[in-house]
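One structure is given below, encoded as structure tokens.
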Amino acid sequence: MARKKLRIGFYGVTGCAGCQLSVIFNEREILRLFNLIDVSAFPFIKEKNIEGEFDYVFIEGLAACNDDVAVLKELRQKAKKVVALGACACAGNIPAYRKYVSRKNYQHLIHEKTKRIQDVDPTPIDSHIAVDYFIPGCPPDKSEILKFIKEIVLGKEPRQHESPVCFECKINKNPCLLDEGKMCLGPVTRGGCNSVCTNSGFECWGCRGIMQDADIKLMIKVLKGKGFSGREIKQRMRSFTGLKIPQLQFIGVKK
Amino acid sequence: MRKKTKKKAGSRTKSRVEKPEVKIIKPKKSAKKSSIKPRVQSRAPRKSAKKKAVPAKKAKADGAITLSHITKIEGHASLVLNIQNNKVKKCELAVIEGSRYFEGMLKDRRYDEASEITSRICGICSCAHTVCAITAIENALNVRVSKQTEELRKLLMMGERIRSHATHLYFLALPDFLGYESAMQMLPKFKKQVHDALKLMKAGNEIVKLVGGRDIHPVAATVGGFHVVPTSDEIYRIKTELQIAKKTAVATAELFAKLKYPDFSPEATTYLSLHNPFEYPILHGAIKTPEKLFKKTEFHKFIKEYHEPRSSANFAVKEGKAYFTGALARVNNNSAALSQTARKLLKHSKFKFPSRNPFLNNYCQAIELVHCIDHSIAICQDLARIKPEPLAAVSVRESYGIAAVEVPRGVLWHEYKLNSVGTIVKANIVTPTSQNLRKIEDDIKAFLPELLASTKDRDTIVLEIEKLIRAYDPCFSCSTHFLDVKWG
């Protein structure tokens, strides 16, 4: 059954390259994986990046300068499907947290730039182009990327994980960090990460985004009951996926 | 405050052609054209670029060479060269990542959030940022951590250096030397080498995952210690795996000793690295350059930063001069502290250290791979009786702290000012790549005339220059969080 291999491109705009590394760090499987698909572009590790149409383009990073926006638009035209890879592409991640920081905090860092690298509002890629799939997480679990690629190769429709981090955390038999007085966002955060942070005793910061039906109000109430101030809670919730939690605007303290 | 140092000759052009195509443009015209209509990116594939490409045979090197997006590096950078009558008229390296202003976002955050936030500056050196932020905060708050914590942090950093060097050497640098476009293309003929790369990356990743809790952006380390520590069985398992990986590391060092590096020694190069009398530096030590040894706290006395409109990253200079930081600097300054096997390999190689040849940074990384594995095995032995420990006590106060640690690409600086309740009021981060940036540019300028004397083929010129840039293992994500802080 010789099917035509999927033409796939891996690109990055402004970001940390961690998600692209997560692809490569599948040490055991990567060579076989690259046999299954046609990696026609991967500028991070390839010199010759073949132009033309892509079946899928994975994009890491967020739009932070003019150059990024232009790249995104160009890629969208060339790709049948666009996949947002990682928290920056999905929700803006920490760089987009800048929107909630007063300008005077970073005013001194701004300098004159040529038009190509002029700043734009730090925004996830779906603010500029249509995105077909999201792989959340900072970084996404490397096996998750693998699973996604396997599914598209098989012609299955990839689906988002539909249970909170708490679910996996309990399966992993971790002690509850909320009970320990830490500001853990596990109850409202989308799982699928095998609760990697809480396994190490580090509270969930919500890098994978908020569950669709999450009760943010209740979460804030619980955290306030633990003695955290509204400001601290908002800072934390906005760190990774603030732009995708519109509810926060209406709750508690102002910006 | 913006500081301007030497102005570069020539106006700033911003034309683009996707690598590896080389476009010849009449310099004047292109400058004018692009100043009116700034052209953007060619990171994305471009059909049109191909049509305009000039055949590689073209024997004259005159004209402008623009590498709009240099591939096989971490992050995004461009290079504009202008050559006329075999003379270099212009050479501008620019980082074209968007600025992320991390230091601005650290303000108003709690002291223990710094490590989690700064780790997002870079994927490949996330452990470095985490550990450096923690060390700087501990320096500010005068926190004393246990020996076990110190050892675990070193192990974490070693793991990261192993995987970073392995990725750079095999995936980014080696294909150039063997004449391939990528490691994947090398597979049929160099299967063993590609598998070696993956083995070493795996060894490094295993360490980071075990000690840091996650492959990228580690979570277990925090101010005062580790939330969770591995068990002695897990440490033993890592040790066994490292002992197996050592053979591969030695093979890597032998492979990189055999490669043919261009003979290039730029004049008057300053090498900057940490140095301490007890070990090959990771976390501790004074700053060593060929001329002097100075303390970390004297950072602002010696190192200054400035920026340029064409680049979103800034450039750092030591007393007005470019300097080099990274594996070559470490080996130059500390070769006596390398592990026995690494020293032996170094001694029997055809290279003499200290060396000024930036291409040898590749070889030094390969030597470091061997050293890091040896050192990690030694740490694992020390950690044979590892046990969970409570975090060291932290009491917040108004304070200032600085840390410099050796990370895969050189010395990383973090400094923080905290207020009385432990909130960050000022942060400053200087990454290895922004320190190397100016040196890379200077080296290209010095290397080009030598190159032009030996070849006129533009493809060769471009390849050699890319090799030079990649030899530095630049990480442009790191360098563009942007900074320019005045300390009062």
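Ordering of the structure tokens sets the chain letters (A, B, ...); residue numbers start at 1 within each chain; ligands are numbered from 1 in the order shown.
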
With only C-alpha atoms as the counted atoms, please give the residues lying no more than 6 Å from range 217-228 of chain B, apart from itself and same-chain residues fewer than 6 positions off, as JSON, numbers by chain.
{"A": [200, 201], "B": [119, 126, 134, 145, 149, 391, 392]}

Looking only at the backbone, which of the residues in range 48-198 of chain A does DSSP tag as strand (DSSP E or B), as a list in words?
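Residues of range 48-198 of chain A classed as strand (DSSP E or B): Phe54, Asp55, Tyr56, Val57, Phe58, Ile59, Glu60, Leu62, Ala63, Ala64, Cys65, Ala79, Lys80, Lys81, Val82, Val83, Ala84, Leu85, Asp119, Val120, Asp121, Pro122, Thr123, Tyr133, Phe134, Ile135, Pro164, Thr189 and Arg190 of chain A.
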
Give the answer as one residue: which of A:Asp119, A:Asp55, A:Glu151, A:Asp179 has the shortest atom-to-atom distance to chain B, using only C-alpha atoms?
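For chain B, the nearest of the given residues is A:Asp119.
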
Set the cut-off to 7 Å and count only C-alpha atoms: what are the residues of chain A that reach chain B? Output as a PyMOL selection string.
chain A and resi 14-18+27+43-52+64-65+67+70-71+74-75+95+98+101+105-106+108-109+112-117+119+139+196-197+200-202

If you run DSSP on this backbone, which residues of range 362-450 of chain B come out as helix (DSSP H, G or I), and could you give them as a ChimeraX atom specification?
/B:362-385,432-450

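Proximity of A:Cys138, A:Val13, A:Leu177, A:Ile210 to Ile94 in chain A, computed with only C-alpha atoms, is greatest for A:Cys138.
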
Contacts of range 121-128 of chain A at 8 Å or less, counting only C-alpha atoms, minus same-chain residues fewer than 4 places along, as a PyMOL selection string?
chain A and resi 61-65+69+72-73+84+88-92+95-96+98-99

Expected file contents, prior selection, N, CA, C and O atoms, as a CSV table (one decimal), in the first residue's frame:
chain,number,residue,atom,x,y,z
A,61,GLY,N,6.2,29.1,18.3
A,61,GLY,CA,6.5,30.5,18.6
A,61,GLY,C,5.3,31.4,18.3
A,61,GLY,O,4.2,31.0,17.9
A,62,LEU,N,5.5,32.6,18.7
A,62,LEU,CA,4.4,33.6,18.6
A,62,LEU,C,4.8,34.7,17.7
A,62,LEU,O,6.0,34.9,17.3
A,63,ALA,N,3.8,35.5,17.3
A,63,ALA,CA,4.2,36.7,16.4
A,63,ALA,C,4.6,37.8,17.3
A,63,ALA,O,3.8,38.3,18.2
A,64,ALA,N,5.8,38.3,17.2
A,64,ALA,CA,6.3,39.4,18.1
A,64,ALA,C,6.9,40.5,17.2
A,64,ALA,O,7.2,41.6,17.7
A,65,CYS,N,7.2,40.2,15.9
A,65,CYS,CA,7.7,41.3,15.1
A,65,CYS,C,7.1,41.2,13.7
A,65,CYS,O,6.5,40.2,13.4
A,69,VAL,N,4.9,38.0,11.4
A,69,VAL,CA,3.6,38.0,10.8
A,69,VAL,C,3.7,37.7,9.3
A,69,VAL,O,2.9,36.9,8.8
A,72,LEU,N,4.2,34.0,8.9
A,72,LEU,CA,3.0,33.2,9.1
A,72,LEU,C,2.0,33.3,7.9
A,72,LEU,O,1.5,32.2,7.5
A,73,LYS,N,1.8,34.4,7.4
A,73,LYS,CA,0.9,34.6,6.2
A,73,LYS,C,1.4,33.8,5.0
A,73,LYS,O,0.6,33.1,4.3
A,84,ALA,N,-0.5,24.6,15.4
A,84,ALA,CA,0.2,25.4,16.3
A,84,ALA,C,0.9,24.5,17.3
A,84,ALA,O,0.3,23.8,18.0
A,88,CYS,N,3.4,28.9,23.0
A,88,CYS,CA,3.6,30.2,22.4
A,88,CYS,C,2.6,30.4,21.2
A,88,CYS,O,1.9,31.3,21.1
A,89,ALA,N,2.6,29.3,20.3
A,89,ALA,CA,1.8,29.4,19.1
A,89,ALA,C,0.3,29.3,19.5
A,89,ALA,O,-0.5,29.9,18.9
A,90,CYS,N,0.0,28.5,20.5
A,90,CYS,CA,-1.4,28.3,20.9
A,90,CYS,C,-2.0,29.5,21.6
A,90,CYS,O,-3.1,29.9,21.4
A,91,ALA,N,-1.2,30.1,22.6
A,91,ALA,CA,-1.8,31.1,23.4
A,91,ALA,C,-0.9,32.3,23.7
A,91,ALA,O,-1.3,33.2,24.5
A,92,GLY,N,0.3,32.3,23.2
A,92,GLY,CA,1.2,33.4,23.4
A,92,GLY,C,2.2,33.2,24.5
A,92,GLY,O,3.3,33.9,24.5
A,95,PRO,N,6.0,35.4,26.6
A,95,PRO,CA,6.2,36.6,25.9
A,95,PRO,C,4.9,37.5,25.8
A,95,PRO,O,4.9,38.7,25.8
A,96,ALA,N,3.7,36.8,25.7
A,96,ALA,CA,2.5,37.5,25.5
A,96,ALA,C,2.0,38.1,26.9
A,96,ALA,O,1.1,38.9,26.9
A,98,ARG,N,3.4,40.0,28.5
A,98,ARG,CA,3.8,41.4,28.4
A,98,ARG,C,2.6,42.3,28.3
A,98,ARG,O,2.6,43.5,28.7
A,99,LYS,N,1.5,41.8,27.7
A,99,LYS,CA,0.3,42.6,27.5
A,99,LYS,C,-0.3,43.1,28.9
A,99,LYS,O,-1.0,44.0,28.9

Write out as a JSON list (two decimals) with all heavy atoms, in the first residue's frame each polymer residue whose atoms come within 12 Å of Ile152 in chain A, counting only C-alpha atoms; drop sequence neighbours fewer than 6 positions from it.
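Once everything was written out, this is result22.json:
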[["chain", "number", "residue", "atom", "x", "y", "z"],
["A", 5, "LYS", "N", 3.59, 10.02, 0.77],
["A", 5, "LYS", "CA", 3.94, 10.53, 2.09],
["A", 5, "LYS", "C", 3.44, 11.96, 2.27],
["A", 5, "LYS", "O", 3.45, 12.74, 1.32],
["A", 5, "LYS", "CB", 5.46, 10.53, 2.25],
["A", 5, "LYS", "CG", 6.05, 9.18, 2.53],
["A", 5, "LYS", "CD", 7.54, 9.34, 2.77],
["A", 5, "LYS", "CE", 8.23, 8.00, 2.78],
["A", 5, "LYS", "NZ", 9.68, 8.16, 2.88],
["A", 6, "LEU", "N", 3.07, 12.26, 3.51],
["A", 6, "LEU", "CA", 2.64, 13.63, 3.81],
["A", 6, "LEU", "C", 3.84, 14.56, 3.75],
["A", 6, "LEU", "O", 4.90, 14.25, 4.28],
["A", 6, "LEU", "CB", 2.03, 13.70, 5.20],
["A", 6, "LEU", "CG", 0.68, 13.03, 5.42],
["A", 6, "LEU", "CD1", 0.30, 13.13, 6.88],
["A", 6, "LEU", "CD2", -0.38, 13.69, 4.55],
["A", 7, "ARG", "N", 3.64, 15.69, 3.10],
["A", 7, "ARG", "CA", 4.72, 16.70, 3.08],
["A", 7, "ARG", "C", 4.55, 17.61, 4.29],
["A", 7, "ARG", "O", 3.54, 18.27, 4.44],
["A", 7, "ARG", "CB", 4.64, 17.52, 1.80],
["A", 7, "ARG", "CG", 5.20, 16.83, 0.58],
["A", 7, "ARG", "CD", 4.94, 17.68, -0.64],
["A", 7, "ARG", "NE", 5.55, 18.99, -0.50],
["A", 7, "ARG", "CZ", 6.78, 19.29, -0.93],
["A", 7, "ARG", "NH1", 7.49, 18.37, -1.53],
["A", 7, "ARG", "NH2", 7.27, 20.49, -0.77],
["A", 8, "ILE", "N", 5.56, 17.59, 5.14],
["A", 8, "ILE", "CA", 5.43, 18.31, 6.39],
["A", 8, "ILE", "C", 6.58, 19.31, 6.56],
["A", 8, "ILE", "O", 7.71, 19.03, 6.19],
["A", 8, "ILE", "CB", 5.38, 17.32, 7.58],
["A", 8, "ILE", "CG1", 4.09, 16.51, 7.47],
["A", 8, "ILE", "CG2", 5.47, 18.04, 8.92],
["A", 8, "ILE", "CD1", 3.83, 15.57, 8.58],
["A", 36, "LEU", "N", 8.34, 7.91, 7.75],
["A", 36, "LEU", "CA", 6.89, 7.88, 7.52],
["A", 36, "LEU", "C", 6.40, 9.12, 6.79],
["A", 36, "LEU", "O", 5.42, 9.09, 6.08],
["A", 36, "LEU", "CB", 6.16, 7.83, 8.87],
["A", 36, "LEU", "CG", 5.99, 6.50, 9.55],
["A", 36, "LEU", "CD1", 5.23, 6.71, 10.85],
["A", 36, "LEU", "CD2", 5.22, 5.54, 8.66],
["A", 37, "ILE", "N", 7.09, 10.24, 7.04],
["A", 37, "ILE", "CA", 6.64, 11.49, 6.45],
["A", 37, "ILE", "C", 7.75, 12.10, 5.61],
["A", 37, "ILE", "O", 8.90, 11.70, 5.73],
["A", 37, "ILE", "CB", 6.23, 12.51, 7.55],
["A", 37, "ILE", "CG1", 7.37, 12.70, 8.54],
["A", 37, "ILE", "CG2", 4.97, 12.06, 8.25],
["A", 37, "ILE", "CD1", 7.12, 13.74, 9.60],
["A", 55, "ASP", "N", 1.41, 19.59, 3.21],
["A", 55, "ASP", "CA", 0.17, 19.05, 3.73],
["A", 55, "ASP", "C", -0.07, 19.61, 5.13],
["A", 55, "ASP", "O", -1.16, 20.02, 5.47],
["A", 55, "ASP", "CB", 0.23, 17.52, 3.76],
["A", 55, "ASP", "CG", 0.21, 16.95, 2.36],
["A", 55, "ASP", "OD1", -0.69, 17.34, 1.60],
["A", 55, "ASP", "OD2", 1.10, 16.15, 2.02],
["A", 56, "TYR", "N", 1.00, 19.57, 5.94],
["A", 56, "TYR", "CA", 0.90, 20.12, 7.29],
["A", 56, "TYR", "C", 2.11, 20.99, 7.57],
["A", 56, "TYR", "O", 3.23, 20.63, 7.20],
["A", 56, "TYR", "CB", 0.88, 19.01, 8.34],
["A", 56, "TYR", "CG", -0.40, 18.22, 8.39],
["A", 56, "TYR", "CD1", -0.63, 17.18, 7.50],
["A", 56, "TYR", "CD2", -1.38, 18.53, 9.32],
["A", 56, "TYR", "CE1", -1.81, 16.45, 7.54],
["A", 56, "TYR", "CE2", -2.57, 17.81, 9.37],
["A", 56, "TYR", "CZ", -2.77, 16.78, 8.48],
["A", 56, "TYR", "OH", -3.93, 16.07, 8.52],
["A", 81, "LYS", "N", -2.90, 22.42, 6.01],
["A", 81, "LYS", "CA", -3.28, 22.49, 7.43],
["A", 81, "LYS", "C", -2.15, 23.13, 8.22],
["A", 81, "LYS", "O", -0.98, 22.84, 7.97],
["A", 81, "LYS", "CB", -3.52, 21.09, 8.00],
["A", 81, "LYS", "CG", -4.55, 20.29, 7.26],
["A", 81, "LYS", "CD", -5.89, 20.39, 7.93],
["A", 81, "LYS", "CE", -6.87, 19.43, 7.25],
["A", 81, "LYS", "NZ", -8.23, 19.71, 7.57],
["A", 83, "VAL", "N", -0.61, 23.65, 12.05],
["A", 83, "VAL", "CA", -0.65, 23.13, 13.42],
["A", 83, "VAL", "C", 0.14, 24.08, 14.31],
["A", 83, "VAL", "O", 1.31, 24.37, 14.04],
["A", 83, "VAL", "CB", -0.02, 21.72, 13.50],
["A", 83, "VAL", "CG1", -0.17, 21.16, 14.90],
["A", 83, "VAL", "CG2", -0.63, 20.80, 12.47],
["A", 133, "TYR", "N", -5.04, 22.92, 13.97],
["A", 133, "TYR", "CA", -4.87, 22.09, 15.17],
["A", 133, "TYR", "C", -3.97, 22.80, 16.17],
["A", 133, "TYR", "O", -3.10, 23.57, 15.79],
["A", 133, "TYR", "CB", -4.22, 20.75, 14.81],
["A", 133, "TYR", "CG", -5.04, 19.93, 13.86],
["A", 133, "TYR", "CD1", -4.69, 19.85, 12.51],
["A", 133, "TYR", "CD2", -6.16, 19.24, 14.30],
["A", 133, "TYR", "CE1", -5.44, 19.11, 11.63],
["A", 133, "TYR", "CE2", -6.91, 18.49, 13.42],
["A", 133, "TYR", "CZ", -6.56, 18.43, 12.09],
["A", 133, "TYR", "OH", -7.30, 17.70, 11.23],
["A", 145, "ILE", "N", 3.70, 14.91, 20.46],
["A", 145, "ILE", "CA", 3.95, 15.33, 19.08],
["A", 145, "ILE", "C", 3.99, 14.09, 18.19],
["A", 145, "ILE", "O", 3.42, 14.06, 17.10],
["A", 145, "ILE", "CB", 5.27, 16.11, 18.99],
["A", 145, "ILE", "CG1", 5.23, 17.32, 19.92],
["A", 145, "ILE", "CG2", 5.55, 16.55, 17.55],
["A", 145, "ILE", "CD1", 6.55, 18.05, 20.04],
["A", 146, "LEU", "N", 4.65, 13.07, 18.71],
["A", 146, "LEU", "CA", 4.76, 11.82, 17.97],
["A", 146, "LEU", "C", 3.38, 11.24, 17.69],
["A", 146, "LEU", "O", 3.07, 10.81, 16.58],
["A", 146, "LEU", "CB", 5.55, 10.85, 18.85],
["A", 146, "LEU", "CG", 6.38, 9.80, 18.16],
["A", 146, "LEU", "CD1", 7.43, 10.45, 17.30],
["A", 146, "LEU", "CD2", 7.05, 8.92, 19.23],
["A", 158, "PRO", "N", -6.93, 14.13, 14.81],
["A", 158, "PRO", "CA", -6.36, 14.30, 16.14],
["A", 158, "PRO", "C", -7.31, 15.07, 17.05],
["A", 158, "PRO", "O", -8.02, 15.96, 16.61],
["A", 158, "PRO", "CB", -5.10, 15.14, 15.88],
["A", 158, "PRO", "CG", -4.88, 15.10, 14.42],
["A", 158, "PRO", "CD", -6.19, 14.88, 13.79],
["A", 159, "ARG", "N", -7.32, 14.67, 18.33],
["A", 159, "ARG", "CA", -8.22, 15.34, 19.27],
["A", 159, "ARG", "C", -7.47, 15.86, 20.48],
["A", 159, "ARG", "O", -6.46, 15.31, 20.88],
["A", 159, "ARG", "CB", -9.31, 14.37, 19.72],
["A", 159, "ARG", "CG", -10.44, 14.27, 18.72],
["A", 159, "ARG", "CD", -11.30, 13.07, 18.97],
["A", 159, "ARG", "NE", -11.81, 13.04, 20.33],
["A", 159, "ARG", "CZ", -12.52, 12.04, 20.81],
["A", 159, "ARG", "NH1", -12.77, 10.99, 20.06],
["A", 159, "ARG", "NH2", -12.97, 12.07, 22.04]]

Tell me, as a list in words, which residues lie within 12 Å of Pro246 in chain A, counting only C-alpha atoms; anything in the same chain fewer than 5 positions away does not count.
Ala91, Gly209, Ile210, Gln212, Ile216, Lys234, Met237, Arg238, Thr241 and Ile251 of chain A

Those residues you just picked out, can you put them in a file as a PDB file, in the first residue's frame with N, CA and C atoms?
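The resulting file, result-v7.pdb, is shown below:
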ATOM      1  N   ALA A  91      -1.208  30.092  22.561  1.00  0.00           N
ATOM      2  CA  ALA A  91      -1.796  31.113  23.428  1.00  0.00           C
ATOM      3  C   ALA A  91      -0.870  32.283  23.746  1.00  0.00           C
ATOM      4  N   GLY A 209      -3.214  25.594  28.942  1.00  0.00           N
ATOM      5  CA  GLY A 209      -4.469  26.299  28.696  1.00  0.00           C
ATOM      6  C   GLY A 209      -5.577  25.795  29.594  1.00  0.00           C
ATOM      7  N   ILE A 210      -6.648  26.587  29.623  1.00  0.00           N
ATOM      8  CA  ILE A 210      -7.744  26.302  30.535  1.00  0.00           C
ATOM      9  C   ILE A 210      -8.716  25.332  29.861  1.00  0.00           C
ATOM     10  N   GLN A 212     -12.211  23.729  28.735  1.00  0.00           N
ATOM     11  CA  GLN A 212     -13.318  24.488  28.171  1.00  0.00           C
ATOM     12  C   GLN A 212     -14.356  24.916  29.213  1.00  0.00           C
ATOM     13  N   ILE A 216     -13.446  29.107  36.523  1.00  0.00           N
ATOM     14  CA  ILE A 216     -12.347  29.988  36.929  1.00  0.00           C
ATOM     15  C   ILE A 216     -12.684  30.690  38.234  1.00  0.00           C
ATOM     16  N   LYS A 234      -3.912  36.355  39.470  1.00  0.00           N
ATOM     17  CA  LYS A 234      -4.032  36.775  38.071  1.00  0.00           C
ATOM     18  C   LYS A 234      -2.699  36.708  37.353  1.00  0.00           C
ATOM     19  N   MET A 237      -2.118  33.076  36.548  1.00  0.00           N
ATOM     20  CA  MET A 237      -3.004  32.534  35.517  1.00  0.00           C
ATOM     21  C   MET A 237      -2.692  33.110  34.143  1.00  0.00           C
ATOM     22  N   ARG A 238      -2.194  34.342  34.145  1.00  0.00           N
ATOM     23  CA  ARG A 238      -1.931  34.986  32.862  1.00  0.00           C
ATOM     24  C   ARG A 238      -0.551  34.682  32.317  1.00  0.00           C
ATOM     25  N   THR A 241      -1.141  31.445  29.416  1.00  0.00           N
ATOM     26  CA  THR A 241      -2.215  31.463  28.424  1.00  0.00           C
ATOM     27  C   THR A 241      -3.212  32.577  28.711  1.00  0.00           C
ATOM     28  N   ILE A 251     -13.175  39.152  36.518  1.00  0.00           N
ATOM     29  CA  ILE A 251     -13.136  38.645  37.882  1.00  0.00           C
ATOM     30  C   ILE A 251     -12.068  39.362  38.700  1.00  0.00           C
TER      31      ILE A 251
END

Non-local contacts of range 395-405 of chain B (6 Å; only C-alpha atoms; under 5 positions in same chain excluded) as a list in words
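Skipping anything fewer than 5 positions along the chain leaves Thr135, Ala136, Ile137, Asn139, Ala140, Ile282, Leu283, Val411, Leu412, Trp413, His414, Glu415, Tyr416, Lys417, Leu418, Asn419, Ser420, Val421 and Gly422 of chain B.
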
Nearby residues (only C-alpha atoms) at most 7 Å from range 458-471 of chain B, same-chain spacing under 2 positions excluded, as a PyMOL selection string:
chain B and resi 56+61+73+173+176+358-359+361-362+440+444+451+456+473-474

Atoms to include: N, CA, C and O atoms. Write the selected residues as a PDB file, in the first residue's frame.
ATOM      1  N   ALA B  56      25.540  29.096  -9.871  1.00  0.00           N
ATOM      2  CA  ALA B  56      26.651  29.031  -8.935  1.00  0.00           C
ATOM      3  C   ALA B  56      28.011  29.240  -9.587  1.00  0.00           C
ATOM      4  O   ALA B  56      28.969  29.578  -8.932  1.00  0.00           O
ATOM      5  N   ALA B  61      33.128  37.456  -7.192  1.00  0.00           N
ATOM      6  CA  ALA B  61      32.500  37.500  -5.876  1.00  0.00           C
ATOM      7  C   ALA B  61      31.905  38.865  -5.560  1.00  0.00           C
ATOM      8  O   ALA B  61      31.276  39.043  -4.547  1.00  0.00           O
ATOM      9  N   ILE B  73      20.812  26.908  12.819  1.00  0.00           N
ATOM     10  CA  ILE B  73      21.223  27.556  14.048  1.00  0.00           C
ATOM     11  C   ILE B  73      19.972  27.656  14.905  1.00  0.00           C
ATOM     12  O   ILE B  73      18.858  27.456  14.401  1.00  0.00           O
ATOM     13  N   ALA B 173      26.495  21.202  12.846  1.00  0.00           N
ATOM     14  CA  ALA B 173      27.841  21.478  12.328  1.00  0.00           C
ATOM     15  C   ALA B 173      28.362  20.412  11.374  1.00  0.00           C
ATOM     16  O   ALA B 173      28.851  20.722  10.286  1.00  0.00           O
ATOM     17  N   ASP B 176      27.938  20.189   7.359  1.00  0.00           N
ATOM     18  CA  ASP B 176      28.751  21.112   6.562  1.00  0.00           C
ATOM     19  C   ASP B 176      30.101  20.506   6.206  1.00  0.00           C
ATOM     20  O   ASP B 176      30.578  20.629   5.086  1.00  0.00           O
ATOM     21  N   PRO B 358      38.371  30.045  15.809  1.00  0.00           N
ATOM     22  CA  PRO B 358      36.996  29.809  16.266  1.00  0.00           C
ATOM     23  C   PRO B 358      36.407  28.498  15.754  1.00  0.00           C
ATOM     24  O   PRO B 358      35.500  27.937  16.373  1.00  0.00           O
ATOM     25  N   PHE B 359      36.930  27.986  14.613  1.00  0.00           N
ATOM     26  CA  PHE B 359      36.397  26.722  14.095  1.00  0.00           C
ATOM     27  C   PHE B 359      36.652  25.579  15.080  1.00  0.00           C
ATOM     28  O   PHE B 359      35.950  24.581  15.088  1.00  0.00           O
ATOM     29  N   ASN B 361      36.103  25.606  18.063  1.00  0.00           N
ATOM     30  CA  ASN B 361      35.045  25.523  19.061  1.00  0.00           C
ATOM     31  C   ASN B 361      34.297  24.198  18.913  1.00  0.00           C
ATOM     32  O   ASN B 361      33.890  23.587  19.894  1.00  0.00           O
ATOM     33  N   ASN B 362      34.139  23.740  17.668  1.00  0.00           N
ATOM     34  CA  ASN B 362      33.502  22.438  17.432  1.00  0.00           C
ATOM     35  C   ASN B 362      34.279  21.328  18.123  1.00  0.00           C
ATOM     36  O   ASN B 362      33.707  20.495  18.822  1.00  0.00           O
ATOM     37  N   ILE B 440      31.556  37.362  16.397  1.00  0.00           N
ATOM     38  CA  ILE B 440      31.228  36.643  15.160  1.00  0.00           C
ATOM     39  C   ILE B 440      31.367  37.610  13.987  1.00  0.00           C
ATOM     40  O   ILE B 440      31.982  37.302  12.968  1.00  0.00           O
ATOM     41  N   ILE B 444      33.979  37.373  10.864  1.00  0.00           N
ATOM     42  CA  ILE B 444      33.595  37.267   9.451  1.00  0.00           C
ATOM     43  C   ILE B 444      34.393  38.294   8.649  1.00  0.00           C
ATOM     44  O   ILE B 444      34.920  38.007   7.582  1.00  0.00           O
ATOM     45  N   LEU B 451      39.404  34.274   2.686  1.00  0.00           N
ATOM     46  CA  LEU B 451      38.546  33.410   1.888  1.00  0.00           C
ATOM     47  C   LEU B 451      38.546  33.855   0.429  1.00  0.00           C
ATOM     48  O   LEU B 451      38.668  33.044  -0.485  1.00  0.00           O
ATOM     49  N   LYS B 456      36.695  32.187  -5.497  1.00  0.00           N
ATOM     50  CA  LYS B 456      35.794  33.221  -5.992  1.00  0.00           C
ATOM     51  C   LYS B 456      34.368  32.683  -6.083  1.00  0.00           C
ATOM     52  O   LYS B 456      33.450  33.383  -6.438  1.00  0.00           O
ATOM     53  N   ASP B 473      28.120  28.133  17.577  1.00  0.00           N
ATOM     54  CA  ASP B 473      26.897  27.565  18.143  1.00  0.00           C
ATOM     55  C   ASP B 473      26.003  28.674  18.683  1.00  0.00           C
ATOM     56  O   ASP B 473      25.611  28.658  19.848  1.00  0.00           O
ATOM     57  N   PRO B 474      25.698  29.666  17.859  1.00  0.00           N
ATOM     58  CA  PRO B 474      24.915  30.781  18.388  1.00  0.00           C
ATOM     59  C   PRO B 474      23.481  30.366  18.696  1.00  0.00           C
ATOM     60  O   PRO B 474      22.933  29.478  18.055  1.00  0.00           O
TER      61      PRO B 474
END

Work out how far apart CA of Leu152 in chain B and CA of Ile238 in chain B are and give it in Å to one decimal.
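Computing it gives 12.7 Å between the two atoms.
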
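Distance check against Arg28 in chain A using only C-alpha atoms: of A:Ser143, A:Ile110, A:Arg231, A:Gly137, the minimum falls on A:Ser143.
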
Residue with smallest distance to Ile367 in chain B - pool B:Ser454, B:Gln381, B:Thr341, B:Gln193, counting only C-alpha atoms:
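Smallest distance to Ile367 in chain B is found for B:Thr341.
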
Could you work out how far CA of His165 in chain B lies from CA of Asp38 in chain A, giving the answer in Å with one decimal?
26.6 Å
